[in-house]
$ cat query-v4.tsv   # TSV, C-alpha atoms
chain	number	residue	atom	x	y	z
A	1	ALA	CA	0.00	0.00	0.00
A	2	VAL	CA	2.95	2.30	0.60
A	3	PHE	CA	5.53	2.49	-2.17
A	4	PHE	CA	8.17	5.18	-1.99
A	5	GLY	CA	11.77	5.99	-2.76
A	6	ARG	CA	11.71	5.50	-6.51
A	7	GLU	CA	9.90	8.62	-7.69
A	8	ALA	CA	12.53	9.60	-10.28
A	9	PRO	CA	12.61	6.16	-12.00
A	10	LEU	CA	8.79	6.03	-11.87
A	11	ILE	CA	8.44	9.43	-13.50
A	12	ARG	CA	10.99	8.51	-16.19
A	13	THR	CA	9.20	5.22	-16.85
A	14	LEU	CA	5.76	6.85	-17.02
A	15	ASP	CA	7.12	9.47	-19.42
A	16	THR	CA	8.59	6.69	-21.56
A	17	LEU	CA	5.30	4.77	-21.54
A	18	ARG	CA	3.39	7.89	-22.59
A	19	ARG	CA	5.84	8.44	-25.46
A	20	MET	CA	5.45	4.79	-26.41
A	21	GLU	CA	1.68	5.16	-26.29
A	22	GLU	CA	1.85	8.12	-28.68
A	23	SER	CA	4.29	6.43	-31.07
A	24	GLY	CA	2.59	3.04	-31.04
A	25	GLU	CA	5.52	1.17	-29.49
A	26	GLN	CA	4.30	-1.91	-27.66
A	27	PHE	CA	6.90	-3.65	-25.50
A	28	PHE	CA	8.73	-2.46	-22.37
A	29	VAL	CA	11.02	-4.59	-20.19
A	30	ILE	CA	11.98	-3.94	-16.57
A	31	LEU	CA	15.26	-5.82	-16.27
A	32	GLY	CA	17.11	-6.39	-13.01
A	33	ALA	CA	18.80	-8.85	-10.72
A	34	SER	CA	16.78	-11.21	-8.56
A	35	GLY	CA	15.57	-9.33	-5.47
A	36	SER	CA	16.17	-5.86	-6.93
A	37	GLY	CA	12.50	-4.86	-6.67
A	38	LYS	CA	11.28	-5.33	-10.26
A	39	SER	CA	7.95	-6.80	-9.13
A	40	SER	CA	7.41	-4.05	-6.55
A	41	PHE	CA	8.28	-1.41	-9.14
A	42	LEU	CA	5.73	-2.92	-11.56
A	43	ARG	CA	2.93	-3.80	-9.13
A	44	ALA	CA	3.15	-1.12	-6.45
A	45	GLY	CA	4.85	1.65	-8.41
A	46	LEU	CA	3.67	1.64	-12.01
A	47	TRP	CA	0.33	-0.17	-11.88
A	48	PRO	CA	-1.52	2.18	-9.50
A	49	ARG	CA	-0.30	5.18	-11.48
A	50	LEU	CA	-1.36	3.65	-14.81
A	51	LYS	CA	-4.79	2.86	-13.34
A	52	ARG	CA	-5.19	6.50	-12.32
A	53	ASP	CA	-4.33	7.60	-15.88
A	54	ASP	CA	-7.44	5.82	-17.20
A	55	ARG	CA	-7.88	8.24	-20.13
A	56	HIS	CA	-4.72	6.78	-21.67
A	57	PHE	CA	-4.20	3.34	-20.12
A	58	LEU	CA	-6.29	0.31	-19.19
A	59	PRO	CA	-3.92	-1.90	-17.17
A	60	LEU	CA	-5.17	-5.46	-16.71
A	61	PRO	CA	-4.33	-7.23	-13.46
A	62	VAL	CA	-0.68	-8.33	-13.66
A	63	ILE	CA	-0.11	-11.85	-14.97
A	64	ARG	CA	2.42	-14.14	-13.32
A	65	PRO	CA	3.00	-17.06	-15.74
A	66	GLU	CA	4.34	-19.62	-13.26
A	67	ARG	CA	3.38	-23.07	-14.66
A	68	ALA	CA	0.06	-22.03	-16.22
A	69	ALA	CA	0.26	-18.68	-18.04
A	70	ILE	CA	-3.35	-18.89	-19.20
A	71	THR	CA	-5.32	-20.89	-16.61
A	72	GLY	CA	-3.17	-20.37	-13.52
A	73	GLN	CA	-4.19	-18.54	-10.37
A	74	SER	CA	-2.65	-15.32	-11.72
A	75	GLY	CA	-2.82	-16.20	-15.42
A	76	LEU	CA	-4.46	-14.57	-18.40
A	77	MET	CA	-7.97	-15.96	-17.69
A	78	GLU	CA	-7.97	-14.53	-14.17
A	79	SER	CA	-6.75	-11.18	-15.48
A	80	LEU	CA	-9.46	-11.02	-18.16
A	81	GLU	CA	-12.20	-12.25	-15.82
A	82	SER	CA	-11.24	-9.70	-13.17
A	83	THR	CA	-11.18	-6.81	-15.65
A	84	PHE	CA	-14.60	-7.63	-17.12
A	85	ARG	CA	-15.98	-7.95	-13.58
A	86	GLU	CA	-14.47	-4.55	-12.67
A	87	GLN	CA	-16.07	-3.06	-15.80
A	88	LYS	CA	-19.45	-4.40	-14.62
A	89	ALA	CA	-19.60	-6.71	-17.67
A	90	PRO	CA	-18.73	-10.08	-16.08
A	91	LYS	CA	-17.89	-13.10	-18.22
A	92	ALA	CA	-17.84	-16.69	-17.04
A	93	ARG	CA	-14.51	-18.46	-17.28
A	94	ALA	CA	-16.06	-21.07	-19.59
A	95	ASP	CA	-17.12	-18.29	-21.97
A	96	LEU	CA	-13.64	-16.74	-21.86
A	97	ARG	CA	-12.09	-20.14	-22.58
A	98	ALA	CA	-14.40	-20.67	-25.58
A	99	ILE	CA	-13.66	-17.21	-27.00
A	100	LEU	CA	-9.90	-17.59	-26.49
A	101	ALA	CA	-10.04	-20.89	-28.41
A	102	LYS	CA	-11.06	-18.99	-31.55
A	103	PRO	CA	-8.22	-17.68	-33.76
A	104	GLU	CA	-9.09	-14.02	-33.15
A	105	GLY	CA	-10.65	-14.58	-29.72
A	106	ILE	CA	-8.12	-12.53	-27.77
A	107	VAL	CA	-8.63	-9.65	-30.19
A	108	GLU	CA	-12.41	-9.87	-29.74
A	109	LEU	CA	-12.13	-9.82	-25.93
A	110	LEU	CA	-9.73	-6.90	-25.78
A	111	ILE	CA	-11.75	-4.85	-28.28
A	112	GLU	CA	-14.82	-5.36	-26.08
A	113	MET	CA	-12.82	-4.41	-22.99
A	114	GLN	CA	-11.49	-1.28	-24.69
A	115	ALA	CA	-15.01	-0.33	-25.83
A	116	ASN	CA	-16.29	-0.71	-22.25
A	117	ALA	CA	-13.54	1.62	-21.02
A	118	GLN	CA	-14.20	4.10	-23.83
A	119	LYS	CA	-17.93	4.27	-22.97
A	120	ARG	CA	-17.05	5.22	-19.42
A	121	LEU	CA	-14.82	8.05	-20.71
A	122	GLY	CA	-17.60	9.50	-22.83
A	123	PRO	CA	-18.41	10.06	-26.49
A	124	GLY	CA	-15.51	10.94	-28.74
A	125	ALA	CA	-12.87	9.70	-26.29
A	126	THR	CA	-9.98	7.69	-27.67
A	127	PRO	CA	-10.02	4.16	-26.27
A	128	PRO	CA	-7.26	3.72	-23.68
A	129	ARG	CA	-4.32	1.48	-24.51
A	130	ILE	CA	-4.63	-1.92	-22.86
A	131	VAL	CA	-1.55	-2.68	-20.77
A	132	ILE	CA	-0.69	-6.32	-20.15
A	133	GLY	CA	1.72	-6.74	-17.26
A	134	LEU	CA	3.92	-9.84	-17.03
A	135	ASP	CA	5.73	-10.32	-13.76
A	136	GLN	CA	8.60	-12.82	-13.88
A	137	ALA	CA	8.19	-13.16	-17.67
A	138	GLU	CA	11.21	-15.48	-17.78
A	139	GLU	CA	8.85	-18.19	-16.47
A	140	LEU	CA	7.37	-18.33	-19.97
A	141	PHE	CA	10.64	-19.89	-21.13
A	142	GLY	CA	11.10	-22.44	-18.34
A	143	LYS	CA	10.74	-26.21	-18.60
A	144	GLU	CA	7.41	-26.36	-16.76
A	145	GLY	CA	4.15	-25.21	-18.30
A	146	THR	CA	5.54	-24.97	-21.81
A	147	ASP	CA	2.21	-25.84	-23.47
A	148	GLU	CA	0.35	-22.90	-21.93
A	149	ALA	CA	3.40	-20.65	-22.21
A	150	GLY	CA	3.58	-21.34	-25.94
A	151	LYS	CA	-0.12	-20.61	-26.40
A	152	PHE	CA	0.19	-17.44	-24.35
A	153	LEU	CA	3.17	-16.25	-26.42
A	154	ASP	CA	1.14	-16.96	-29.59
A	155	LEU	CA	-1.66	-14.76	-28.22
A	156	LEU	CA	0.81	-11.96	-27.50
A	157	LYS	CA	2.30	-12.36	-30.97
A	158	ARG	CA	-1.17	-12.00	-32.46
A	159	LEU	CA	-1.72	-8.79	-30.48
A	160	LEU	CA	1.70	-7.25	-31.03
A	161	GLY	CA	2.70	-8.67	-34.39
A	162	GLN	CA	0.04	-7.27	-36.71
A	163	THR	CA	1.27	-5.24	-39.64
A	164	ALA	CA	-0.63	-3.56	-42.44
A	165	HIS	CA	0.41	-6.38	-44.79
A	166	ASP	CA	-0.89	-9.16	-42.57
A	167	GLN	CA	-4.66	-8.91	-42.44
A	168	PRO	CA	-5.86	-5.39	-43.22
A	169	ASP	CA	-9.44	-6.16	-42.22
A	170	VAL	CA	-8.30	-7.39	-38.80
A	171	LEU	CA	-5.81	-4.54	-38.39
A	172	THR	CA	-8.55	-1.93	-38.60
A	173	ARG	CA	-10.16	-3.50	-35.55
A	174	MET	CA	-7.07	-4.40	-33.53
A	175	PRO	CA	-7.03	-3.31	-29.89
A	176	ARG	CA	-4.30	-0.91	-28.87
A	177	VAL	CA	-2.03	-3.00	-26.63
A	178	MET	CA	1.22	-2.55	-24.74
A	179	VAL	CA	3.12	-5.22	-22.78
A	180	LEU	CA	5.25	-4.46	-19.70
A	181	ALA	CA	7.39	-7.36	-18.54
A	182	THR	CA	9.76	-7.89	-15.64
A	183	ILE	CA	12.67	-10.21	-16.39
A	184	ARG	CA	15.53	-11.30	-14.13
A	185	SER	CA	18.80	-10.26	-15.72
A	186	ASP	CA	20.28	-13.76	-15.25
A	187	SER	CA	17.39	-15.12	-17.38
A	188	TYR	CA	17.50	-12.47	-20.08
A	189	GLU	CA	19.58	-14.50	-22.56
A	190	ARG	CA	17.05	-17.33	-22.47
$ encode --input "query-v4.tsv" --output "structure tokens"
Amino acid sequence: AVFFGREAPLIRTLDTLRRMEESGEQFFVILGASGSGKSSFLRAGLWPRLKRDDRHFLPLPVIRPERAAITGQSGLMESLESTFREQKAPKARADLRAILAKPEGIVELLIEMQANAQKRLGPGATPPRIVIGLDQAEELFGKEGTDEAGKFLDLLKRLLGQTAHDQPDVLTRMPRVMVLATIRSDSYER
């Protein structure tokens, strides 16, 4: 509840994220040694500030991949379910699972989420950029949970990898997404 002592790095990071939001950049890594406070910086420092800047950002609850990046206790499903519940548009986990199974399911869900946020901001407002937080992102490349990790990385690739040459009809309705990931420096190579 009380996070202090890193105001300068927080301000620099928030400025960088705002520039990224304007330029369309999509991926930001917080890299540091084990125990250096990356998770605290992300969860207690950045996340509350991004939530307060709801005209520009829609941060989903932070995902911790562990062994189940999608279905785990702090996986993608929990993050999506929690956000829809917070938006007063709850979705059952079974429905989320069925939608995610479709090729463009993640796109469909995030577009709906962005539209919900835009409605709250009022007519003519630009939809806020969805921010997906990954704490301990190196877990996506571990030996355990590789099936879900691979599927999760495919979903991120779908969200971040669209270009005008790919599928123009899909591109026009792609959600605006940014990923913030913490990675231990000793796992960065992997």
$ residues_around --input "query-v4.tsv" --residues "Met178 (chain A)" --least-positions-apart "4" --cutoff "10 Å" --atoms "only C-alpha atoms" --output "PyMOL selection string"
chain A and resi 17+20-21+24-28+57-59+129-133+156+159-160
$ residues_around --input "query-v4.tsv" --residues "region 72-74 of chain A" --least-positions-apart "5" --cutoff "12 Å" --atoms "all atoms listed in the file" --output "VMD selection string"
chain A and resid 60 to 67 79 to 82 133 to 136 145 148 to 149 152
$ residues_around --input "query-v4.tsv" --residues "Asp186 (chain A)" --least-positions-apart "6" --cutoff "9 Å" --atoms "all atoms listed in the file" --output "ChimeraX atom specification"
/A:32-34
$ write_last_selection --input "query-v4.tsv" --atoms "C-alpha atoms" --output "JSON list (two decimals), keeping the file's coordinate frame"
[["chain", "number", "residue", "atom", "x", "y", "z"],
["A", 32, "GLY", "CA", 17.11, -6.39, -13.01],
["A", 33, "ALA", "CA", 18.80, -8.85, -10.72],
["A", 34, "SER", "CA", 16.78, -11.21, -8.56]]
$ closest_residue --input "query-v4.tsv" --among "A:Arg176, A:Ile106, A:Asp154, A:Lys51" --to "Met77 (chain A)" --atoms "all atoms listed in the file"
A:Ile106
$ atom_distance --input "query-v4.tsv" --atom1 "CA of Glu108 (chain A)" --atom2 "CA of Thr16 (chain A)"
28.0 Å
$ residues_around --input "query-v4.tsv" --residues "Phe141 (chain A)" --least-positions-apart "5" --cutoff "10 Å" --atoms "only C-alpha atoms" --output "ChimeraX atom specification"
/A:65,146,149-150,153,187,190
$ decode --input "query-v4.tsv" --residues "region 64-96 of chain A" --atoms "N, CA, C and O atoms" --output "PDB file, in the first residue's frame"
ATOM      1  N   ARG A  64       1.196 -13.439 -13.732  1.00  0.00           N
ATOM      2  CA  ARG A  64       2.417 -14.139 -13.320  1.00  0.00           C
ATOM      3  C   ARG A  64       2.333 -15.525 -13.952  1.00  0.00           C
ATOM      4  O   ARG A  64       1.507 -16.353 -13.558  1.00  0.00           O
ATOM      5  N   PRO A  65       3.137 -15.814 -14.980  1.00  0.00           N
ATOM      6  CA  PRO A  65       3.000 -17.058 -15.745  1.00  0.00           C
ATOM      7  C   PRO A  65       3.122 -18.339 -14.922  1.00  0.00           C
ATOM      8  O   PRO A  65       2.341 -19.269 -15.120  1.00  0.00           O
ATOM      9  N   GLU A  66       4.065 -18.408 -14.023  1.00  0.00           N
ATOM     10  CA  GLU A  66       4.343 -19.620 -13.256  1.00  0.00           C
ATOM     11  C   GLU A  66       4.282 -20.840 -14.182  1.00  0.00           C
ATOM     12  O   GLU A  66       4.948 -20.857 -15.199  1.00  0.00           O
ATOM     13  N   ARG A  67       3.462 -21.840 -13.842  1.00  0.00           N
ATOM     14  CA  ARG A  67       3.375 -23.067 -14.658  1.00  0.00           C
ATOM     15  C   ARG A  67       2.160 -23.084 -15.564  1.00  0.00           C
ATOM     16  O   ARG A  67       1.971 -24.022 -16.331  1.00  0.00           O
ATOM     17  N   ALA A  68       1.297 -22.076 -15.442  1.00  0.00           N
ATOM     18  CA  ALA A  68       0.064 -22.028 -16.223  1.00  0.00           C
ATOM     19  C   ALA A  68      -0.242 -20.571 -16.576  1.00  0.00           C
ATOM     20  O   ALA A  68      -1.012 -19.911 -15.890  1.00  0.00           O
ATOM     21  N   ALA A  69       0.360 -20.097 -17.655  1.00  0.00           N
ATOM     22  CA  ALA A  69       0.256 -18.684 -18.036  1.00  0.00           C
ATOM     23  C   ALA A  69      -1.163 -18.266 -18.395  1.00  0.00           C
ATOM     24  O   ALA A  69      -1.508 -17.094 -18.286  1.00  0.00           O
ATOM     25  N   ILE A  70      -1.983 -19.226 -18.800  1.00  0.00           N
ATOM     26  CA  ILE A  70      -3.353 -18.890 -19.195  1.00  0.00           C
ATOM     27  C   ILE A  70      -4.345 -19.219 -18.094  1.00  0.00           C
ATOM     28  O   ILE A  70      -5.144 -18.379 -17.694  1.00  0.00           O
ATOM     29  N   THR A  71      -4.294 -20.441 -17.562  1.00  0.00           N
ATOM     30  CA  THR A  71      -5.318 -20.892 -16.610  1.00  0.00           C
ATOM     31  C   THR A  71      -4.888 -20.819 -15.151  1.00  0.00           C
ATOM     32  O   THR A  71      -5.679 -21.125 -14.270  1.00  0.00           O
ATOM     33  N   GLY A  72      -3.678 -20.411 -14.891  1.00  0.00           N
ATOM     34  CA  GLY A  72      -3.170 -20.373 -13.519  1.00  0.00           C
ATOM     35  C   GLY A  72      -3.869 -19.350 -12.653  1.00  0.00           C
ATOM     36  O   GLY A  72      -4.637 -18.504 -13.123  1.00  0.00           O
ATOM     37  N   GLN A  73      -3.578 -19.414 -11.367  1.00  0.00           N
ATOM     38  CA  GLN A  73      -4.194 -18.543 -10.372  1.00  0.00           C
ATOM     39  C   GLN A  73      -4.004 -17.061 -10.705  1.00  0.00           C
ATOM     40  O   GLN A  73      -4.870 -16.242 -10.434  1.00  0.00           O
ATOM     41  N   SER A  74      -2.886 -16.707 -11.303  1.00  0.00           N
ATOM     42  CA  SER A  74      -2.652 -15.320 -11.720  1.00  0.00           C
ATOM     43  C   SER A  74      -2.324 -15.276 -13.213  1.00  0.00           C
ATOM     44  O   SER A  74      -1.491 -14.496 -13.656  1.00  0.00           O
ATOM     45  N   GLY A  75      -3.028 -16.124 -13.975  1.00  0.00           N
ATOM     46  CA  GLY A  75      -2.823 -16.202 -15.416  1.00  0.00           C
ATOM     47  C   GLY A  75      -3.732 -15.264 -16.195  1.00  0.00           C
ATOM     48  O   GLY A  75      -4.465 -14.442 -15.630  1.00  0.00           O
ATOM     49  N   LEU A  76      -3.701 -15.426 -17.499  1.00  0.00           N
ATOM     50  CA  LEU A  76      -4.465 -14.575 -18.404  1.00  0.00           C
ATOM     51  C   LEU A  76      -5.964 -14.627 -18.136  1.00  0.00           C
ATOM     52  O   LEU A  76      -6.637 -13.596 -18.120  1.00  0.00           O
ATOM     53  N   MET A  77      -6.521 -15.835 -17.922  1.00  0.00           N
ATOM     54  CA  MET A  77      -7.968 -15.957 -17.690  1.00  0.00           C
ATOM     55  C   MET A  77      -8.396 -15.156 -16.466  1.00  0.00           C
ATOM     56  O   MET A  77      -9.408 -14.467 -16.506  1.00  0.00           O
ATOM     57  N   GLU A  78      -7.646 -15.271 -15.399  1.00  0.00           N
ATOM     58  CA  GLU A  78      -7.969 -14.531 -14.166  1.00  0.00           C
ATOM     59  C   GLU A  78      -7.913 -13.032 -14.420  1.00  0.00           C
ATOM     60  O   GLU A  78      -8.756 -12.270 -13.954  1.00  0.00           O
ATOM     61  N   SER A  79      -6.905 -12.596 -15.176  1.00  0.00           N
ATOM     62  CA  SER A  79      -6.751 -11.181 -15.482  1.00  0.00           C
ATOM     63  C   SER A  79      -7.933 -10.665 -16.300  1.00  0.00           C
ATOM     64  O   SER A  79      -8.492  -9.603 -16.010  1.00  0.00           O
ATOM     65  N   LEU A  80      -8.328 -11.418 -17.325  1.00  0.00           N
ATOM     66  CA  LEU A  80      -9.463 -11.022 -18.158  1.00  0.00           C
ATOM     67  C   LEU A  80     -10.762 -11.026 -17.352  1.00  0.00           C
ATOM     68  O   LEU A  80     -11.540 -10.066 -17.400  1.00  0.00           O
ATOM     69  N   GLU A  81     -10.980 -12.110 -16.613  1.00  0.00           N
ATOM     70  CA  GLU A  81     -12.203 -12.247 -15.820  1.00  0.00           C
ATOM     71  C   GLU A  81     -12.330 -11.097 -14.818  1.00  0.00           C
ATOM     72  O   GLU A  81     -13.393 -10.482 -14.678  1.00  0.00           O
ATOM     73  N   SER A  82     -11.253 -10.776 -14.152  1.00  0.00           N
ATOM     74  CA  SER A  82     -11.238  -9.704 -13.166  1.00  0.00           C
ATOM     75  C   SER A  82     -11.532  -8.348 -13.809  1.00  0.00           C
ATOM     76  O   SER A  82     -12.287  -7.542 -13.257  1.00  0.00           O
ATOM     77  N   THR A  83     -10.957  -8.100 -14.981  1.00  0.00           N
ATOM     78  CA  THR A  83     -11.175  -6.814 -15.653  1.00  0.00           C
ATOM     79  C   THR A  83     -12.627  -6.662 -16.097  1.00  0.00           C
ATOM     80  O   THR A  83     -13.234  -5.613 -15.899  1.00  0.00           O
ATOM     81  N   PHE A  84     -13.194  -7.709 -16.703  1.00  0.00           N
ATOM     82  CA  PHE A  84     -14.600  -7.626 -17.117  1.00  0.00           C
ATOM     83  C   PHE A  84     -15.514  -7.427 -15.902  1.00  0.00           C
ATOM     84  O   PHE A  84     -16.468  -6.662 -15.952  1.00  0.00           O
ATOM     85  N   ARG A  85     -15.191  -8.102 -14.806  1.00  0.00           N
ATOM     86  CA  ARG A  85     -15.976  -7.945 -13.579  1.00  0.00           C
ATOM     87  C   ARG A  85     -15.886  -6.494 -13.076  1.00  0.00           C
ATOM     88  O   ARG A  85     -16.881  -5.878 -12.720  1.00  0.00           O
ATOM     89  N   GLU A  86     -14.683  -5.935 -13.096  1.00  0.00           N
ATOM     90  CA  GLU A  86     -14.468  -4.553 -12.668  1.00  0.00           C
ATOM     91  C   GLU A  86     -15.222  -3.573 -13.572  1.00  0.00           C
ATOM     92  O   GLU A  86     -15.693  -2.526 -13.116  1.00  0.00           O
ATOM     93  N   GLN A  87     -15.354  -3.911 -14.853  1.00  0.00           N
ATOM     94  CA  GLN A  87     -16.072  -3.059 -15.800  1.00  0.00           C
ATOM     95  C   GLN A  87     -17.587  -3.256 -15.720  1.00  0.00           C
ATOM     96  O   GLN A  87     -18.323  -2.693 -16.512  1.00  0.00           O
ATOM     97  N   LYS A  88     -18.025  -4.080 -14.793  1.00  0.00           N
ATOM     98  CA  LYS A  88     -19.448  -4.400 -14.619  1.00  0.00           C
ATOM     99  C   LYS A  88     -20.027  -5.081 -15.862  1.00  0.00           C
ATOM    100  O   LYS A  88     -21.179  -4.864 -16.244  1.00  0.00           O
ATOM    101  N   ALA A  89     -19.195  -5.914 -16.507  1.00  0.00           N
ATOM    102  CA  ALA A  89     -19.603  -6.707 -17.671  1.00  0.00           C
ATOM    103  C   ALA A  89     -19.029  -8.109 -17.508  1.00  0.00           C
ATOM    104  O   ALA A  89     -18.246  -8.580 -18.329  1.00  0.00           O
ATOM    105  N   PRO A  90     -19.384  -8.803 -16.396  1.00  0.00           N
ATOM    106  CA  PRO A  90     -18.731 -10.077 -16.077  1.00  0.00           C
ATOM    107  C   PRO A  90     -18.909 -11.143 -17.162  1.00  0.00           C
ATOM    108  O   PRO A  90     -19.926 -11.173 -17.854  1.00  0.00           O
ATOM    109  N   LYS A  91     -17.884 -11.972 -17.294  1.00  0.00           N
ATOM    110  CA  LYS A  91     -17.894 -13.100 -18.223  1.00  0.00           C
ATOM    111  C   LYS A  91     -17.473 -14.341 -17.449  1.00  0.00           C
ATOM    112  O   LYS A  91     -16.512 -14.299 -16.685  1.00  0.00           O
ATOM    113  N   ALA A  92     -18.185 -15.422 -17.677  1.00  0.00           N
ATOM    114  CA  ALA A  92     -17.837 -16.685 -17.038  1.00  0.00           C
ATOM    115  C   ALA A  92     -16.532 -17.207 -17.625  1.00  0.00           C
ATOM    116  O   ALA A  92     -16.225 -16.984 -18.797  1.00  0.00           O
ATOM    117  N   ARG A  93     -15.785 -17.912 -16.818  1.00  0.00           N
ATOM    118  CA  ARG A  93     -14.509 -18.458 -17.276  1.00  0.00           C
ATOM    119  C   ARG A  93     -14.697 -19.396 -18.467  1.00  0.00           C
ATOM    120  O   ARG A  93     -13.887 -19.415 -19.390  1.00  0.00           O
ATOM    121  N   ALA A  94     -15.779 -20.164 -18.465  1.00  0.00           N
ATOM    122  CA  ALA A  94     -16.055 -21.073 -19.588  1.00  0.00           C
ATOM    123  C   ALA A  94     -16.246 -20.279 -20.883  1.00  0.00           C
ATOM    124  O   ALA A  94     -15.774 -20.687 -21.946  1.00  0.00           O
ATOM    125  N   ASP A  95     -16.925 -19.132 -20.786  1.00  0.00           N
ATOM    126  CA  ASP A  95     -17.117 -18.288 -21.971  1.00  0.00           C
ATOM    127  C   ASP A  95     -15.782 -17.707 -22.438  1.00  0.00           C
ATOM    128  O   ASP A  95     -15.501 -17.668 -23.638  1.00  0.00           O
ATOM    129  N   LEU A  96     -14.970 -17.262 -21.497  1.00  0.00           N
ATOM    130  CA  LEU A  96     -13.644 -16.740 -21.859  1.00  0.00           C
ATOM    131  C   LEU A  96     -12.810 -17.816 -22.543  1.00  0.00           C
ATOM    132  O   LEU A  96     -12.155 -17.552 -23.557  1.00  0.00           O
TER     133      LEU A  96
END
